[in-house]
Amino acid sequence: MKTVEVGFHVDGDVWEPDQMKAVEDYGFDIMTTGEHILFFRPILDVVTVLAYAAAVTTRIKLVPSTLILPLRHPTMMAKELISLDILSKGRLTASVGIGGDYPREFQACGVPVKERGVRANEGIEIMRKYWSGERFDYNGTIFQLEDVDMLPLPYQPGGPDLWVCGRSDPAMRRAARLGDGWQPYMYTAEQFHDSVGKVKDFAAEAGRELSGDFAFTSFMYVSMHEDVETARNNAIEQMTFRFNLPAEKIVDKYCAYGPDERIIENLESYVRAGANKLIVALIMPPEERMDYVERFATNILPELQKMKAG
């Protein structure tokens with residue numbers, strides 16, 4: 001039985017090269033960063049950040065968490081991800097979702113929000129075809145392609161693994177039918193457990209047997225402080241900023257906070273629920289970020305990486 005892989009989320013602001021390298025050196029398995037094109041707070045471009053990370057690291061896996069696939073044409077997205085896969089020497093996993101929580105960016109990109117599910121499904125199929133190296137036509141509801149192929153081929157034969165991110169039943173069906181993994185967000189451990197079962201059921205309905213390497217990935221905010229109330233208040237402040245909504249209503253469900261032992265217990269509940277990968281986003285002042293990274297890596301990360309997945 002494999003142990004849990006643990007990822008660290010770089011939240012779309014500027015990290016110096018030595019800071020990114022330190023995340024790798026501290027022993028995290030995965031580095032992720034998020035995406036919005038337009039947003040109410042500053043956030044860098046996801047592909048650019050991961051290319052930057054690829055240049056200053058050598059081992060850590062790289063995951064866009066999460067690409068809003070409907071905002072991008074799949075031909076261009078396939079090309080960018082092939083390039084990133086080659087430059088990172090096969091360390092890329094693609095995680096894609098449909099977005100929709102910030103309609104202004106759909107309008108700015110000229111993409112109808114109501115089309116985002118169809119665009120995601122067709123986009124995944126098209127990228128897979130490009131990554132396979134075949135020459136193909138595609139006649140979809142949104143996209144029509146004739147006699148296309150793409151070179152160079154990805155570093156990983158057939159292209160990087162592709163996780164589907166979301167919360168809804170259609171997203172779970174997309175993961176079950178088209179993905180190599182399922183990555184929900186803003187889920188309790190109970191919701192995560194239920195979604196694992198649903199993805200497996202949807203795969204069976206589609207006549208697909210999920211591989212033993214299929215990723216069930218939980219994304220979780222973490223606020224470290226010996227005083228539980230202080231940790232909770234810090235999380236409320238930061239999550240309110242990140243999501244532009246009163247976080248008092250969600251912090252107890254979607255954030256692990258408090259002293260180390262309490263955080264480990266909370267995150268372990270997701271492993272018991274079926275997670276084989278954990279992505280953590282630390283609540284921390286930017287000027288103290290490396291102190292927080294070091295503390296998490298020293299006190300919490302080894303305990304998580306001992307846990308048996310599945």
# chains A, B, ... in the order shown; residues from 1 in each chain; ligands from 1

$ residues_around --residues "stretch 238-248 of chain A" --least-positions-apart "4" --cutoff "10 Å" --atoms "only C-alpha atoms" --output "list of chain:residue names"
A:Asp11, A:Phe39, A:Phe40, A:Arg41, A:Pro42, A:Asp101, A:Tyr221, A:Ser223, A:Arg232, A:Asn233, A:Asn234, A:Asp252, A:Lys253, A:Tyr254, A:Cys255, A:Leu282, A:Ile283, A:Met284, A:Pro285

$ select_by_dssp --residues "stretch 58-201 of chain A" --states "alpha helix (DSSP H)" --output "compact mmCIF listing (two decimals) with N, CA and C atoms, in the first residue's frame"
# COMPACT_ATOMS: atom_id res chain seq x y z
N PRO A 74 -8.34 24.71 -26.42
CA PRO A 74 -7.58 23.50 -26.09
C PRO A 74 -6.32 23.31 -26.93
N THR A 75 -6.28 23.86 -28.14
CA THR A 75 -5.05 23.75 -28.93
C THR A 75 -3.92 24.51 -28.25
N MET A 76 -4.19 25.74 -27.83
CA MET A 76 -3.16 26.52 -27.15
C MET A 76 -2.82 25.91 -25.79
N MET A 77 -3.82 25.40 -25.09
CA MET A 77 -3.58 24.81 -23.78
C MET A 77 -2.74 23.55 -23.92
N ALA A 78 -3.03 22.74 -24.93
CA ALA A 78 -2.24 21.53 -25.16
C ALA A 78 -0.78 21.87 -25.42
N LYS A 79 -0.55 22.95 -26.20
CA LYS A 79 0.81 23.35 -26.53
C LYS A 79 1.56 23.83 -25.29
N GLU A 80 0.91 24.66 -24.48
CA GLU A 80 1.56 25.17 -23.27
C GLU A 80 1.91 24.04 -22.32
N LEU A 81 1.00 23.09 -22.17
CA LEU A 81 1.24 21.99 -21.22
C LEU A 81 2.29 21.02 -21.76
N ILE A 82 2.31 20.78 -23.07
CA ILE A 82 3.40 19.98 -23.64
C ILE A 82 4.74 20.64 -23.35
N SER A 83 4.81 21.93 -23.58
CA SER A 83 6.07 22.65 -23.35
C SER A 83 6.50 22.56 -21.89
N LEU A 84 5.55 22.74 -20.98
CA LEU A 84 5.86 22.66 -19.56
C LEU A 84 6.26 21.25 -19.16
N ASP A 85 5.63 20.26 -19.74
CA ASP A 85 5.98 18.86 -19.45
C ASP A 85 7.40 18.56 -19.90
N ILE A 86 7.77 19.06 -21.08
CA ILE A 86 9.13 18.83 -21.59
C ILE A 86 10.16 19.58 -20.74
N LEU A 87 9.89 20.84 -20.46
CA LEU A 87 10.87 21.65 -19.72
C LEU A 87 11.06 21.16 -18.28
N PRO A 103 -17.84 35.30 -12.87
CA PRO A 103 -18.32 35.43 -14.25
C PRO A 103 -17.64 36.52 -15.06
N ARG A 104 -17.08 37.56 -14.41
CA ARG A 104 -16.44 38.65 -15.15
C ARG A 104 -15.30 38.15 -16.03
N GLU A 105 -14.59 37.12 -15.57
CA GLU A 105 -13.47 36.65 -16.38
C GLU A 105 -13.94 35.87 -17.60
N PHE A 106 -15.10 35.24 -17.50
CA PHE A 106 -15.67 34.58 -18.68
C PHE A 106 -16.07 35.63 -19.72
N GLN A 107 -16.71 36.70 -19.25
CA GLN A 107 -17.09 37.77 -20.15
C GLN A 107 -15.87 38.39 -20.81
N ALA A 108 -14.82 38.61 -20.02
CA ALA A 108 -13.60 39.23 -20.54
C ALA A 108 -12.91 38.35 -21.58
N ARG A 116 -19.44 26.23 -20.24
CA ARG A 116 -18.16 25.82 -19.67
C ARG A 116 -18.03 24.31 -19.50
N GLY A 117 -19.10 23.61 -19.22
CA GLY A 117 -19.01 22.15 -19.08
C GLY A 117 -18.68 21.47 -20.39
N VAL A 118 -19.38 21.84 -21.45
CA VAL A 118 -19.12 21.26 -22.77
C VAL A 118 -17.71 21.60 -23.24
N ARG A 119 -17.30 22.84 -23.01
CA ARG A 119 -15.95 23.25 -23.41
C ARG A 119 -14.88 22.44 -22.67
N ALA A 120 -15.12 22.16 -21.40
CA ALA A 120 -14.16 21.37 -20.64
C ALA A 120 -14.09 19.94 -21.17
N ASN A 121 -15.24 19.33 -21.40
CA ASN A 121 -15.25 17.95 -21.90
C ASN A 121 -14.53 17.85 -23.25
N GLU A 122 -14.88 18.76 -24.15
CA GLU A 122 -14.24 18.71 -25.47
C GLU A 122 -12.76 19.08 -25.38
N GLY A 123 -12.44 20.02 -24.50
CA GLY A 123 -11.05 20.41 -24.34
C GLY A 123 -10.18 19.27 -23.86
N ILE A 124 -10.67 18.51 -22.91
CA ILE A 124 -9.90 17.35 -22.42
C ILE A 124 -9.68 16.35 -23.55
N GLU A 125 -10.75 16.05 -24.30
CA GLU A 125 -10.63 15.09 -25.39
C GLU A 125 -9.62 15.57 -26.44
N ILE A 126 -9.66 16.85 -26.77
CA ILE A 126 -8.75 17.40 -27.78
C ILE A 126 -7.31 17.38 -27.30
N MET A 127 -7.08 17.78 -26.07
CA MET A 127 -5.70 17.76 -25.56
C MET A 127 -5.14 16.36 -25.54
N ARG A 128 -5.94 15.39 -25.13
CA ARG A 128 -5.48 14.00 -25.13
C ARG A 128 -5.06 13.56 -26.53
N LYS A 129 -5.85 13.96 -27.54
CA LYS A 129 -5.52 13.58 -28.91
C LYS A 129 -4.21 14.21 -29.36
N TYR A 130 -4.03 15.49 -29.05
CA TYR A 130 -2.75 16.12 -29.38
C TYR A 130 -1.60 15.40 -28.68
N TRP A 131 -1.78 15.11 -27.41
CA TRP A 131 -0.70 14.50 -26.63
C TRP A 131 -0.36 13.09 -27.11
N SER A 132 -1.30 12.43 -27.75
CA SER A 132 -1.05 11.06 -28.23
C SER A 132 -0.15 11.03 -29.45
N ASP A 169 -21.77 16.70 -9.25
CA ASP A 169 -21.88 15.40 -9.89
C ASP A 169 -21.36 15.41 -11.33
N PRO A 170 -21.67 16.44 -12.15
CA PRO A 170 -21.08 16.46 -13.50
C PRO A 170 -19.55 16.46 -13.48
N ALA A 171 -18.95 17.15 -12.52
CA ALA A 171 -17.48 17.13 -12.43
C ALA A 171 -16.99 15.74 -12.06
N MET A 172 -17.68 15.06 -11.17
CA MET A 172 -17.30 13.69 -10.82
C MET A 172 -17.44 12.76 -12.01
N ARG A 173 -18.49 12.94 -12.80
CA ARG A 173 -18.65 12.13 -14.01
C ARG A 173 -17.51 12.41 -15.00
N ARG A 174 -17.11 13.68 -15.09
CA ARG A 174 -16.01 14.05 -15.98
C ARG A 174 -14.73 13.36 -15.52
N ALA A 175 -14.47 13.37 -14.23
CA ALA A 175 -13.29 12.70 -13.69
C ALA A 175 -13.34 11.21 -13.95
N ALA A 176 -14.51 10.62 -13.75
CA ALA A 176 -14.66 9.17 -13.91
C ALA A 176 -14.50 8.74 -15.36
N ARG A 177 -14.94 9.57 -16.28
CA ARG A 177 -14.92 9.21 -17.69
C ARG A 177 -13.64 9.62 -18.39
N LEU A 178 -13.09 10.79 -18.02
CA LEU A 178 -11.99 11.37 -18.80
C LEU A 178 -10.70 11.59 -18.02
N ALA A 189 -14.46 16.09 5.14
CA ALA A 189 -14.00 14.71 4.97
C ALA A 189 -15.16 13.80 4.57
N GLU A 190 -16.34 14.06 5.13
CA GLU A 190 -17.51 13.25 4.80
C GLU A 190 -17.89 13.44 3.33
N GLN A 191 -17.88 14.68 2.87
CA GLN A 191 -18.16 14.93 1.46
C GLN A 191 -17.12 14.29 0.56
N PHE A 192 -15.86 14.35 0.98
CA PHE A 192 -14.79 13.74 0.19
C PHE A 192 -15.03 12.24 0.08
N HIS A 193 -15.35 11.60 1.18
CA HIS A 193 -15.62 10.15 1.18
C HIS A 193 -16.75 9.82 0.22
N ASP A 194 -17.82 10.60 0.27
CA ASP A 194 -18.96 10.34 -0.62
C ASP A 194 -18.55 10.52 -2.08
N SER A 195 -17.73 11.53 -2.37
CA SER A 195 -17.34 11.79 -3.75
C SER A 195 -16.45 10.67 -4.30
N VAL A 196 -15.59 10.10 -3.46
CA VAL A 196 -14.76 8.98 -3.90
C VAL A 196 -15.65 7.82 -4.36
N GLY A 197 -16.66 7.52 -3.56
CA GLY A 197 -17.59 6.47 -3.93
C GLY A 197 -18.34 6.78 -5.22
N LYS A 198 -18.75 8.03 -5.38
CA LYS A 198 -19.49 8.41 -6.58
C LYS A 198 -18.62 8.31 -7.83
N VAL A 199 -17.38 8.78 -7.74
CA VAL A 199 -16.48 8.70 -8.90
C VAL A 199 -16.30 7.25 -9.32
N LYS A 200 -16.10 6.37 -8.36
CA LYS A 200 -15.94 4.95 -8.68
C LYS A 200 -17.21 4.40 -9.30
N ASP A 201 -18.37 4.79 -8.78
CA ASP A 201 -19.65 4.32 -9.35
C ASP A 201 -19.85 4.86 -10.76

$ residues_around --residues "A:Thr298" --least-positions-apart "3" --cutoff "12 Å" --atoms "only C-alpha atoms" --output "PyMOL selection string"
chain A and resi 23+25-28+260+290-295+301-305

$ write_last_selection --atoms "C-alpha atoms" --output "tab-separated table (two decimals), in the first residue's frame"
chain	number	residue	atom	x	y	z
A	23	VAL	CA	9.71	23.88	-0.71
A	25	ASP	CA	14.19	20.65	-0.36
A	26	TYR	CA	11.87	20.37	2.64
A	27	GLY	CA	10.47	17.21	1.09
A	28	PHE	CA	7.07	18.12	-0.33
A	260	ASP	CA	0.27	20.59	15.00
A	290	MET	CA	9.50	30.40	5.12
A	291	ASP	CA	9.25	30.10	8.90
A	292	TYR	CA	5.79	28.60	8.43
A	293	VAL	CA	6.94	26.31	5.63
A	294	GLU	CA	9.81	25.06	7.78
A	295	ARG	CA	7.55	24.44	10.77
A	301	LEU	CA	4.78	16.79	6.82
A	302	PRO	CA	6.62	13.64	8.05
A	303	GLU	CA	3.51	12.45	9.87
A	304	LEU	CA	1.35	12.88	6.78
A	305	GLN	CA	3.83	11.09	4.53

$ closest_residue --among "A:Arg135, A:Lys308, A:Arg167, A:His73" --to "A:Gly97" --atoms "only C-alpha atoms"
A:Arg167

$ closest_residue --among "A:Thr230, A:Thr66, A:Ser88, A:Ser95" --to "A:Ala215" --atoms "only C-alpha atoms"
A:Ser95

$ residues_around --residues "A:Ala51" --least-positions-apart "2" --cutoff "12 Å" --atoms "only C-alpha atoms" --output "NGL selection string"
:A and (17 or 20 or 31-33 or 45-49 or 53-57 or 61-64 or 80-89 or 91-92)

$ closest_residue --among "A:Phe296, A:Phe8, A:Trp163, A:Phe136" --to "A:Phe219" --atoms "only C-alpha atoms"
A:Phe8

$ closest_residue --among "A:Phe143, A:Tyr270, A:Tyr257, A:Trp182" --to "A:Glu115" --atoms "only C-alpha atoms"
A:Phe143

$ closest_residue --among "A:His225, A:Lys21, A:His36, A:Arg72" --to "A:Arg59" --atoms "only C-alpha atoms"
A:Lys21

$ residues_around --residues "A:Val4" --least-positions-apart "5" --cutoff "9 Å" --atoms "only C-alpha atoms" --output "PDB file with C-alpha atoms, in the first residue's frame"
ATOM      1  CA  VAL A 271      -6.893  10.054   4.197  1.00  0.00           C
ATOM      2  CA  ALA A 275      -7.480  10.609  -0.204  1.00  0.00           C
ATOM      3  CA  ASN A 276      -4.134   9.417  -1.541  1.00  0.00           C
ATOM      4  CA  LYS A 277      -2.833  12.945  -2.058  1.00  0.00           C
ATOM      5  CA  LEU A 278      -3.139  16.033   0.135  1.00  0.00           C
ATOM      6  CA  LEU A 304       1.346  12.881   6.778  1.00  0.00           C
ATOM      7  CA  GLN A 305       3.835  11.091   4.535  1.00  0.00           C
ATOM      8  CA  LYS A 306       3.774   8.074   6.870  1.00  0.00           C
ATOM      9  CA  MET A 307       0.049   7.602   6.328  1.00  0.00           C
ATOM     10  CA  LYS A 308      -1.090   4.758   4.111  1.00  0.00           C
ATOM     11  CA  ALA A 309      -3.249   5.796   1.181  1.00  0.00           C
ATOM     12  CA  GLY A 310      -6.447   3.999   0.345  1.00  0.00           C
TER      13      GLY A 310
END
